[in-house]
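Structure file my_file27.txt with compact mmCIF, C-alpha atoms and all ligand atoms:
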# COMPACT_ATOMS: atom_id res chain seq x y z
CA MET A 26 138.26 110.21 102.93
CA SER A 27 137.93 107.03 104.92
CA MET A 28 135.14 104.82 103.71
CA THR A 29 134.02 103.40 106.98
CA THR A 30 134.39 104.03 110.64
CA GLU A 31 135.26 100.94 112.55
CA THR A 32 133.84 101.56 115.97
CA ALA A 33 130.80 103.23 117.37
CA SER A 34 132.82 105.40 119.72
CA ALA A 35 134.78 106.87 116.81
CA GLY A 36 131.76 107.14 114.54
CA PHE A 37 128.97 108.71 116.51
CA ALA A 38 129.53 112.26 115.34
CA ALA A 39 127.01 113.45 112.78
CA ARG A 40 128.05 113.40 109.12
CA PRO A 41 130.48 116.21 108.34
CA GLY A 42 128.67 119.17 106.82
CA SER A 43 125.53 118.70 108.90
CA SER A 44 126.33 121.45 111.37
CA LEU A 45 123.51 121.09 113.87
CA GLU A 46 122.75 117.82 115.49
CA ARG A 47 119.06 117.05 115.73
CA ILE A 48 119.31 114.05 118.01
CA ARG A 49 122.08 113.26 120.46
CA VAL A 50 122.18 109.82 122.06
CA ARG A 51 124.68 109.10 124.80
CA ARG A 52 125.50 105.91 126.74
CA LEU A 53 122.00 104.64 126.12
CA ALA A 54 120.96 101.34 127.70
CA LYS A 55 117.60 99.60 127.76
CA ASN A 56 116.51 96.46 129.60
CA PHE A 57 113.24 94.57 129.74
CA GLY A 58 113.52 92.90 133.14
CA ALA A 59 116.56 90.63 132.96
CA LEU A 60 116.87 91.09 129.18
CA GLU A 61 119.55 93.64 128.26
CA VAL A 62 118.46 94.84 124.83
CA PHE A 63 121.21 97.37 124.07
CA ARG A 64 124.00 99.02 125.98
CA ASP A 65 126.25 102.03 125.51
CA VAL A 66 124.64 103.30 122.32
CA ASN A 67 126.12 106.62 121.21
CA PHE A 68 125.41 108.68 118.12
CA ASP A 69 124.37 112.03 116.71
CA LEU A 70 121.81 112.56 113.98
CA GLY A 71 122.58 115.67 111.97
CA GLU A 72 120.30 118.29 110.51
CA ARG A 73 118.78 116.87 107.30
CA GLU A 74 120.72 113.65 107.79
CA ILE A 75 119.26 110.21 107.12
CA VAL A 76 120.66 107.44 109.29
CA THR A 77 119.53 103.94 108.41
CA ILE A 78 119.76 101.07 110.89
CA VAL A 79 120.13 97.40 110.05
CA GLY A 80 120.62 94.48 112.41
CA PRO A 81 119.32 91.02 113.17
CA SER A 82 115.72 90.52 114.26
CA GLY A 83 115.32 91.12 117.99
CA CYS A 84 118.48 93.22 118.37
CA GLY A 85 116.47 96.21 119.59
CA LYS A 86 115.89 98.46 116.58
CA THR A 87 112.22 99.11 117.33
CA THR A 88 113.02 99.51 121.02
CA LEU A 89 115.66 102.12 120.19
CA LEU A 90 113.19 104.11 118.05
CA ARG A 91 110.54 103.92 120.76
CA CYS A 92 113.03 105.30 123.28
CA ILE A 93 113.92 108.17 120.92
CA ASP A 94 110.21 108.83 120.38
CA GLY A 95 109.83 109.11 124.16
CA LEU A 96 107.42 106.16 124.30
CA LEU A 97 109.71 103.98 126.42
CA PRO A 98 111.82 104.99 129.42
CA VAL A 99 115.55 104.27 129.16
CA ASP A 100 117.58 102.56 131.86
CA GLU A 101 120.78 104.49 131.38
CA GLY A 102 122.03 107.39 129.33
CA GLU A 103 120.37 110.34 127.67
CA ILE A 104 118.59 111.35 124.49
CA TRP A 105 118.47 114.98 123.45
CA CYS A 106 116.55 116.68 120.67
CA GLY A 107 118.24 120.06 120.37
CA ARG A 108 118.12 121.48 123.87
CA GLU A 109 115.28 119.30 125.01
CA GLN A 110 115.96 116.04 126.80
CA ILE A 111 113.56 113.34 125.65
CA THR A 112 111.75 111.62 128.52
CA GLU A 113 108.29 111.57 126.91
CA PRO A 114 106.91 112.20 123.40
CA ILE A 115 107.75 115.72 122.18
CA ALA A 116 106.26 117.85 119.45
CA GLY A 117 109.06 117.80 116.87
CA VAL A 118 109.52 114.04 116.64
CA ALA A 119 107.18 111.79 114.64
CA MET A 120 107.18 108.06 114.08
CA VAL A 121 105.97 105.85 111.21
CA PHE A 122 105.31 102.33 112.43
CA GLN A 123 106.11 98.90 111.04
CA HIS A 124 102.41 98.02 110.67
CA PHE A 125 100.87 101.31 109.56
CA GLY A 126 99.51 102.25 112.99
CA LEU A 127 96.42 103.93 111.56
CA PHE A 128 93.16 104.35 113.42
CA PRO A 129 90.83 101.92 111.63
CA TRP A 130 87.74 103.91 112.54
CA LYS A 131 89.07 107.16 111.09
CA THR A 132 89.17 108.21 107.43
CA VAL A 133 92.39 109.14 105.64
CA TYR A 134 91.60 112.79 106.32
CA ASP A 135 91.06 112.25 110.04
CA ASN A 136 94.10 110.00 110.37
CA VAL A 137 96.31 112.61 108.73
CA ALA A 138 94.68 115.40 110.77
CA TYR A 139 95.16 113.54 114.05
CA GLY A 140 98.55 114.92 115.10
CA LEU A 141 97.60 118.44 114.06
CA ARG A 142 94.36 118.30 116.05
CA MET A 143 96.33 117.10 119.07
CA ALA A 144 98.59 120.11 118.61
CA GLY A 145 95.54 122.40 118.70
CA VAL A 146 95.65 123.49 115.07
CA SER A 147 92.48 125.38 114.04
CA ALA A 148 89.86 123.84 111.73
CA ALA A 149 90.62 126.43 109.05
CA GLU A 150 94.30 125.58 109.09
CA LEU A 151 93.48 121.86 109.05
CA ALA A 152 91.36 122.34 105.94
CA GLU A 153 94.34 123.92 104.26
CA ARG A 154 97.16 121.68 105.43
CA VAL A 155 95.65 118.18 105.54
CA PRO A 156 94.76 117.93 101.81
CA GLN A 157 98.23 119.23 100.98
CA PHE A 158 99.90 116.27 102.71
CA ILE A 159 97.38 113.78 101.37
CA LYS A 160 98.26 114.98 97.89
CA LEU A 161 101.97 114.91 98.60
CA VAL A 162 101.88 111.15 99.23
CA GLY A 163 99.64 110.53 96.21
CA LEU A 164 96.37 109.84 98.05
CA GLY A 165 94.36 112.69 96.53
CA GLY A 166 90.74 111.54 96.08
CA PHE A 167 90.92 109.09 98.98
CA GLU A 168 90.31 111.62 101.77
CA HIS A 169 87.12 109.86 102.87
CA ALA A 170 88.32 106.26 102.55
CA TYR A 171 88.88 104.12 105.64
CA PRO A 172 92.09 102.10 106.11
CA TRP A 173 90.28 98.82 105.38
CA GLN A 174 89.22 100.17 102.01
CA MET A 175 92.82 100.73 100.94
CA SER A 176 95.78 98.58 99.90
CA GLY A 177 98.79 98.11 102.17
CA GLY A 178 100.82 100.58 100.13
CA MET A 179 98.07 103.19 100.41
CA GLN A 180 97.82 102.67 104.15
CA GLN A 181 101.55 103.16 104.44
CA ARG A 182 101.31 106.40 102.44
CA CYS A 183 98.62 107.52 104.85
CA GLY A 184 100.88 106.75 107.83
CA LEU A 185 103.62 108.75 106.15
CA ALA A 186 101.29 111.71 105.48
CA ARG A 187 100.20 111.67 109.13
CA ALA A 188 103.81 111.84 110.31
CA LEU A 189 104.79 114.51 107.75
CA ALA A 190 101.73 116.67 108.46
CA ILE A 191 103.05 117.79 111.83
CA GLU A 192 106.19 118.95 109.99
CA PRO A 193 108.51 117.17 112.38
CA SER A 194 112.17 118.07 112.75
CA VAL A 195 112.90 114.38 113.23
CA LEU A 196 111.16 111.49 111.52
CA LEU A 197 111.53 107.98 112.92
CA MET A 198 110.67 105.21 110.48
CA ASP A 199 110.38 101.61 111.67
CA GLU A 200 110.54 99.37 108.61
CA PRO A 201 107.95 101.60 106.96
CA PHE A 202 107.80 99.55 103.76
CA ALA A 203 108.13 96.03 105.19
CA ALA A 204 104.47 95.18 104.86
CA VAL A 205 104.02 96.08 101.18
CA ASP A 206 104.91 94.12 98.03
CA ALA A 207 108.31 94.57 96.38
CA GLN A 208 107.04 96.76 93.55
CA THR A 209 105.10 99.12 95.84
CA ARG A 210 108.09 99.21 98.13
CA GLU A 211 110.32 100.50 95.35
CA ILE A 212 107.76 103.12 94.37
CA LEU A 213 107.44 104.29 97.98
CA GLN A 214 111.23 104.44 98.45
CA PHE A 215 111.60 106.83 95.54
CA GLU A 216 108.52 108.80 96.61
CA LEU A 217 110.01 109.23 100.05
CA LEU A 218 113.31 110.37 98.53
CA ARG A 219 111.40 112.85 96.36
CA ILE A 220 109.46 114.18 99.35
CA TRP A 221 112.66 114.38 101.37
CA GLU A 222 114.32 116.46 98.63
CA THR A 223 111.48 119.01 98.87
CA ARG A 224 111.45 119.01 102.70
CA PRO A 225 114.65 117.53 104.05
CA THR A 226 113.94 116.25 107.53
CA SER A 227 116.37 114.44 109.81
CA MET A 228 115.47 110.80 109.71
CA ILE A 229 116.26 107.51 111.42
CA PHE A 230 115.12 104.70 109.19
CA VAL A 231 115.11 101.06 110.35
CA THR A 232 115.05 98.39 107.67
CA HIS A 233 115.87 94.74 107.03
CA SER A 234 116.73 95.54 103.43
CA ILE A 235 120.42 96.29 102.90
CA GLU A 236 119.65 97.85 99.50
CA GLU A 237 117.11 100.17 101.08
CA ALA A 238 119.55 101.10 103.87
CA VAL A 239 122.23 102.07 101.33
CA LEU A 240 119.81 103.79 98.95
CA MET A 241 118.21 106.01 101.62
CA GLY A 242 121.00 106.64 104.11
CA ASP A 243 123.82 109.12 104.58
CA ARG A 244 125.18 106.61 107.07
CA VAL A 245 124.24 103.01 107.82
CA PHE A 246 124.51 101.77 111.40
CA VAL A 247 124.95 98.04 111.82
CA LEU A 248 123.64 96.87 115.19
CA LYS A 249 124.90 93.64 116.69
CA GLY A 250 125.42 91.65 119.86
CA ARG A 251 123.54 90.84 123.04
CA PRO A 252 123.12 93.38 124.46
CA SER A 253 123.44 95.05 121.09
CA ASN A 254 125.46 98.06 120.14
CA ILE A 255 126.42 100.01 117.01
CA ALA A 256 129.07 97.63 115.65
CA LYS A 257 129.86 99.57 112.52
CA VAL A 258 129.07 102.87 110.85
CA VAL A 259 129.25 102.89 107.06
CA ASP A 260 129.37 106.29 105.36
CA ILE A 261 127.27 106.30 102.20
CA ASP A 262 129.07 108.69 99.88
CA LEU A 263 126.55 108.39 97.03
CA PRO A 264 125.44 111.73 95.58
CA ARG A 265 121.93 113.11 96.08
CA PRO A 266 119.34 113.36 94.73
CA ARG A 267 119.25 109.58 94.54
CA SER A 268 117.20 107.84 91.90
CA ARG A 269 116.95 104.56 90.06
CA GLU A 270 120.31 105.49 88.52
CA THR A 271 121.84 105.20 91.98
CA LEU A 272 120.94 101.51 92.08
CA ARG A 273 123.08 100.93 88.99
CA ALA A 274 126.20 102.75 90.24
CA ALA A 275 129.27 100.63 90.91
CA ARG A 276 129.71 102.41 94.22
CA PHE A 277 126.20 101.38 95.28
CA THR A 278 127.10 97.72 94.75
CA GLU A 279 130.34 98.16 96.70
CA LEU A 280 128.59 99.75 99.65
CA ARG A 281 125.80 97.16 99.61
CA GLU A 282 128.39 94.37 99.71
CA LEU A 283 130.22 96.09 102.54
CA VAL A 284 127.09 96.35 104.70
CA TRP A 285 126.13 92.81 103.75
CA SER A 286 129.49 91.31 104.71
CA THR A 287 129.45 93.18 108.02
CA LEU A 288 126.00 91.85 108.83
CA MET A 289 126.94 88.31 107.80
CA LYS A 290 130.04 88.43 109.96
CA GLU A 291 127.92 89.42 112.94
CA ALA A 292 125.38 86.72 112.18
CA ARG A 293 128.08 84.04 111.97
CA GLU A 294 129.61 85.17 115.25
CA ALA A 295 126.20 85.04 116.93
CA GLU A 296 125.66 81.49 115.63
CA PHE A 297 129.10 80.45 116.83
CA HIS A 298 128.30 81.68 120.34
CA LEU A 299 124.96 79.87 120.32
CA GLU A 300 126.64 76.60 119.30
CA ARG A 301 129.03 76.85 122.21
N1 LIG B 1 107.49 95.50 125.67
C1 LIG B 1 108.42 94.53 125.75
N2 LIG B 1 108.54 93.78 126.87
C2 LIG B 1 109.49 92.84 126.98
N3 LIG B 1 110.39 92.55 126.02
C3 LIG B 1 110.33 93.28 124.89
C4 LIG B 1 109.34 94.29 124.69
N4 LIG B 1 109.52 94.83 123.46
C5 LIG B 1 110.57 94.18 122.92
N5 LIG B 1 111.05 93.24 123.76
C6 LIG B 1 112.22 92.38 123.52
O1 LIG B 1 113.32 93.21 123.25
C7 LIG B 1 114.13 92.68 122.20
C8 LIG B 1 114.25 93.69 121.09
O2 LIG B 1 112.98 93.82 120.45
P1 LIG B 1 112.76 94.82 119.22
O3 LIG B 1 111.34 94.74 118.88
O4 LIG B 1 113.31 96.13 119.58
O5 LIG B 1 113.69 94.12 118.11
P2 LIG B 1 113.87 94.54 116.59
O6 LIG B 1 115.34 94.70 116.37
O7 LIG B 1 113.01 95.68 116.26
O8 LIG B 1 113.38 93.20 115.84
P3 LIG B 1 112.65 93.05 114.40
O9 LIG B 1 113.76 93.23 113.39
O10 LIG B 1 112.17 91.64 114.42
O11 LIG B 1 111.56 94.05 114.29
C9 LIG B 1 113.48 91.36 121.81
O12 LIG B 1 114.14 90.32 122.47
C10 LIG B 1 112.05 91.50 122.31
O13 LIG B 1 111.54 90.24 122.67
MG MG B 2 111.34 95.91 114.95
Transcribe the structure of this file into structure tokens.
Amino acid sequence: MSMTTETASAGFAARPGSSLERIRVRRLAKNFGALEVFRDVNFDLGEREIVTIVGPSGCGKTTLLRCIDGLLPVDEGEIWCGREQITEPIAGVAMVFQHFGLFPWKTVYDNVAYGLRMAGVSAAELAERVPQFIKLVGLGGFEHAYPWQMSGGMQQRCGLARALAIEPSVLLMDEPFAAVDAQTREILQFELLRIWETRPTSMIFVTHSIEEAVLMGDRVFVLKGRPSNIAKVVDIDLPRPRSRETLRAARFTELRELVWSTLMKEAREAEFHLER
């Protein structure tokens, strides 16, 4: 089996074995005025697949997720979720933001219930489902706390519970653990992996941490260039379930180095162009 796929055009098919594709992105381009953020982005996200995205700051990772979430219009190309073309937010896709994105005036319970209320879920069903998700992320007992009464890690768990509560078919995560300390981050990574094992959702996970990208992903996309593009797809052939053991595997180190060297190569090329 080949370890990596060199180009985006050859590598956009979903991981073998994931029969259905959840998200299909074709020839996607996005500009902000004269700024071309990305161009000709192509990929599939498979059923139960986790794709992680790394790339230099400003290369358009958040913009790409916001397009897939239907929050931003695209300039060219198409995004499909199953048979539905995404042009605005749709029910099956949920996003966890870089900076929690909680409503500060709502309690944990009401934050988690928000998406379900919007979907018209009855009060009786809310009373059953909301505590379940609060417990799942380890926030049992904090139902009535407000975001400002909780640590960063707890707020991030709350954001995760809110996204999971609508039982999305696709979960978009924008550096979900960037704002918490290193120890909490590690705990949350393994919690998320545990939750994913019990309810495997298709996921696109943006991160600046190469370790996190390799630990979580079935494939890692390396974004580069201006406008940016998927420069490389790295298949992560580490077995699941993944645990702390995974971090000690020789293969983990190999894959981490591979993603790292790809990113560094892109960074050096970008610097070279700037110098000229
Ligand atoms: N609403 C906006 N209007 C104009 N320009 C924007 C807007 N949002 C993002 N940009 C620009 O688009 C580019 C990509 O931004 P984006 O936030 O997607 O990058 P990113 O890869 O997520 O960066 P980071 O890793 O720092 O989070 C940047 O140059 C940014 O300045
Ligand atoms: Mg971003």
Self-check item: Protein and nucleic residues near ligand LIG 1 (chain B), 7 Å, only C-alpha atoms and all ligand atoms, as a ChimeraX atom specification
Solution: /A:57,62,80-89,233
Exercise. Write out as a list in words which residues come within 9 Å of range 220-222 of chain A when counting all atoms listed in the file, dropping same-chain ones fewer than 6 positions away.
Key: Arg73, Leu161, Val162, Arg265 and Pro266 of chain A
Write the residues you've just listed into a file as a tab-separated table (two decimals), in the frame of the given file, and include C-alpha atoms for each of them.
chain	number	residue	atom	x	y	z
A	73	ARG	CA	118.78	116.87	107.30
A	161	LEU	CA	101.97	114.91	98.60
A	162	VAL	CA	101.88	111.15	99.23
A	265	ARG	CA	121.93	113.11	96.08
A	266	PRO	CA	119.34	113.36	94.73
Self-check item: Contact residues around Phe158 in chain A with only C-alpha atoms at 12 Å, ignoring same-chain residues under 3 positions, as a VMD selection string
Solution: chain A and resid 133 to 134 136 to 138 141 151 to 155 161 to 165 168 182 to 192 220 224
Quiz item: So which one's closest to Ala54 in chain A, A:Glu103, A:Glu72, A:Glu279, A:Glu270? Using only C-alpha atoms, please.
Solution: A:Glu103
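Closest approach to ligand MG 2 (chain B) from the set A:Pro129, A:Pro172, A:Gly71, A:Pro201 is made by A:Pro201, with distances taken over all atoms listed in the file.
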Practice problem: Measure the distance from CA of Met228 in chain A to CA of Met198 in chain A in Å and round it to one decimal. | Solution: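 So the two atoms, CA of Met228 in chain A and CA of Met198 in chain A, lie 7.4 Å apart.
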Quiz item: From the list A:Gly166, A:Gly58, A:Pro193, A:Pro98, which residue is nearest Ala116 in chain A when using only C-alpha atoms?
Solution: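 Ranking A:Gly166, A:Gly58, A:Pro193, A:Pro98 by distance to Ala116 in chain A, first place goes to A:Pro193.
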Practice problem: Measuring atom to atom with only C-alpha atoms, identify which of A:Ile48, A:Met175, A:Leu60, A:Leu70 is nearest to Trp105 in chain A. | Solution: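 Among the listed residues, the smallest separation from Trp105 in chain A belongs to A:Ile48.
Compared by their closest atoms to ligand MG 2 (chain B), and using all atoms listed in the file, the residues A:Val50, A:Ala203, A:Met143, A:Ala170 rank with A:Ala203 nearest.
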Quiz item: Skipping near chain neighbours, those fewer than 4 positions away, what residues fall within 12 Å of Lys290 in chain A using all atoms listed in the file, listed as a ChimeraX atom specification?
Solution: /A:80-81,247-250,256-257,282-286,294-297
Practice problem: Would you mind telling me which residue in A:Asp243, A:Ile159, A:Gly126, A:Leu96 lies nearest to Thr112 in chain A when using all atoms listed in the file? | Solution: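 The shortest atom-to-atom distance to Thr112 in chain A comes from A:Leu96.
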Quiz item: Hey, what's within 6 Å of Gly242 in chain A if we count all atoms listed in the file and toss same-chain stuff fewer than 6 positions away? As a PyMOL selection string, please?
Solution: chain A and resi 75-77
Exercise. Have a look at CA of Arg267 in chain A and CA of Val195 in chain A and let me know their distance in Å, one decimal.
Key: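 Interatomic distance, CA of Arg267 in chain A to CA of Val195 in chain A: 20.3 Å.
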Practice problem: Find the residues around Ile78 in chain A up to 6 Å (all atoms listed in the file counted), leave out those fewer than 4 positions away in its own chain, and share them as a PyMOL selection string. | Solution: chain A and resi 231+245-246
Exercise. Enter the distance from CA of Ile115 in chain A to CA of Glu200 in chain A, in Å, rounded to one decimal.
Key: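 Result for CA of Ile115 in chain A versus CA of Glu200 in chain A: 21.4 Å, one decimal.
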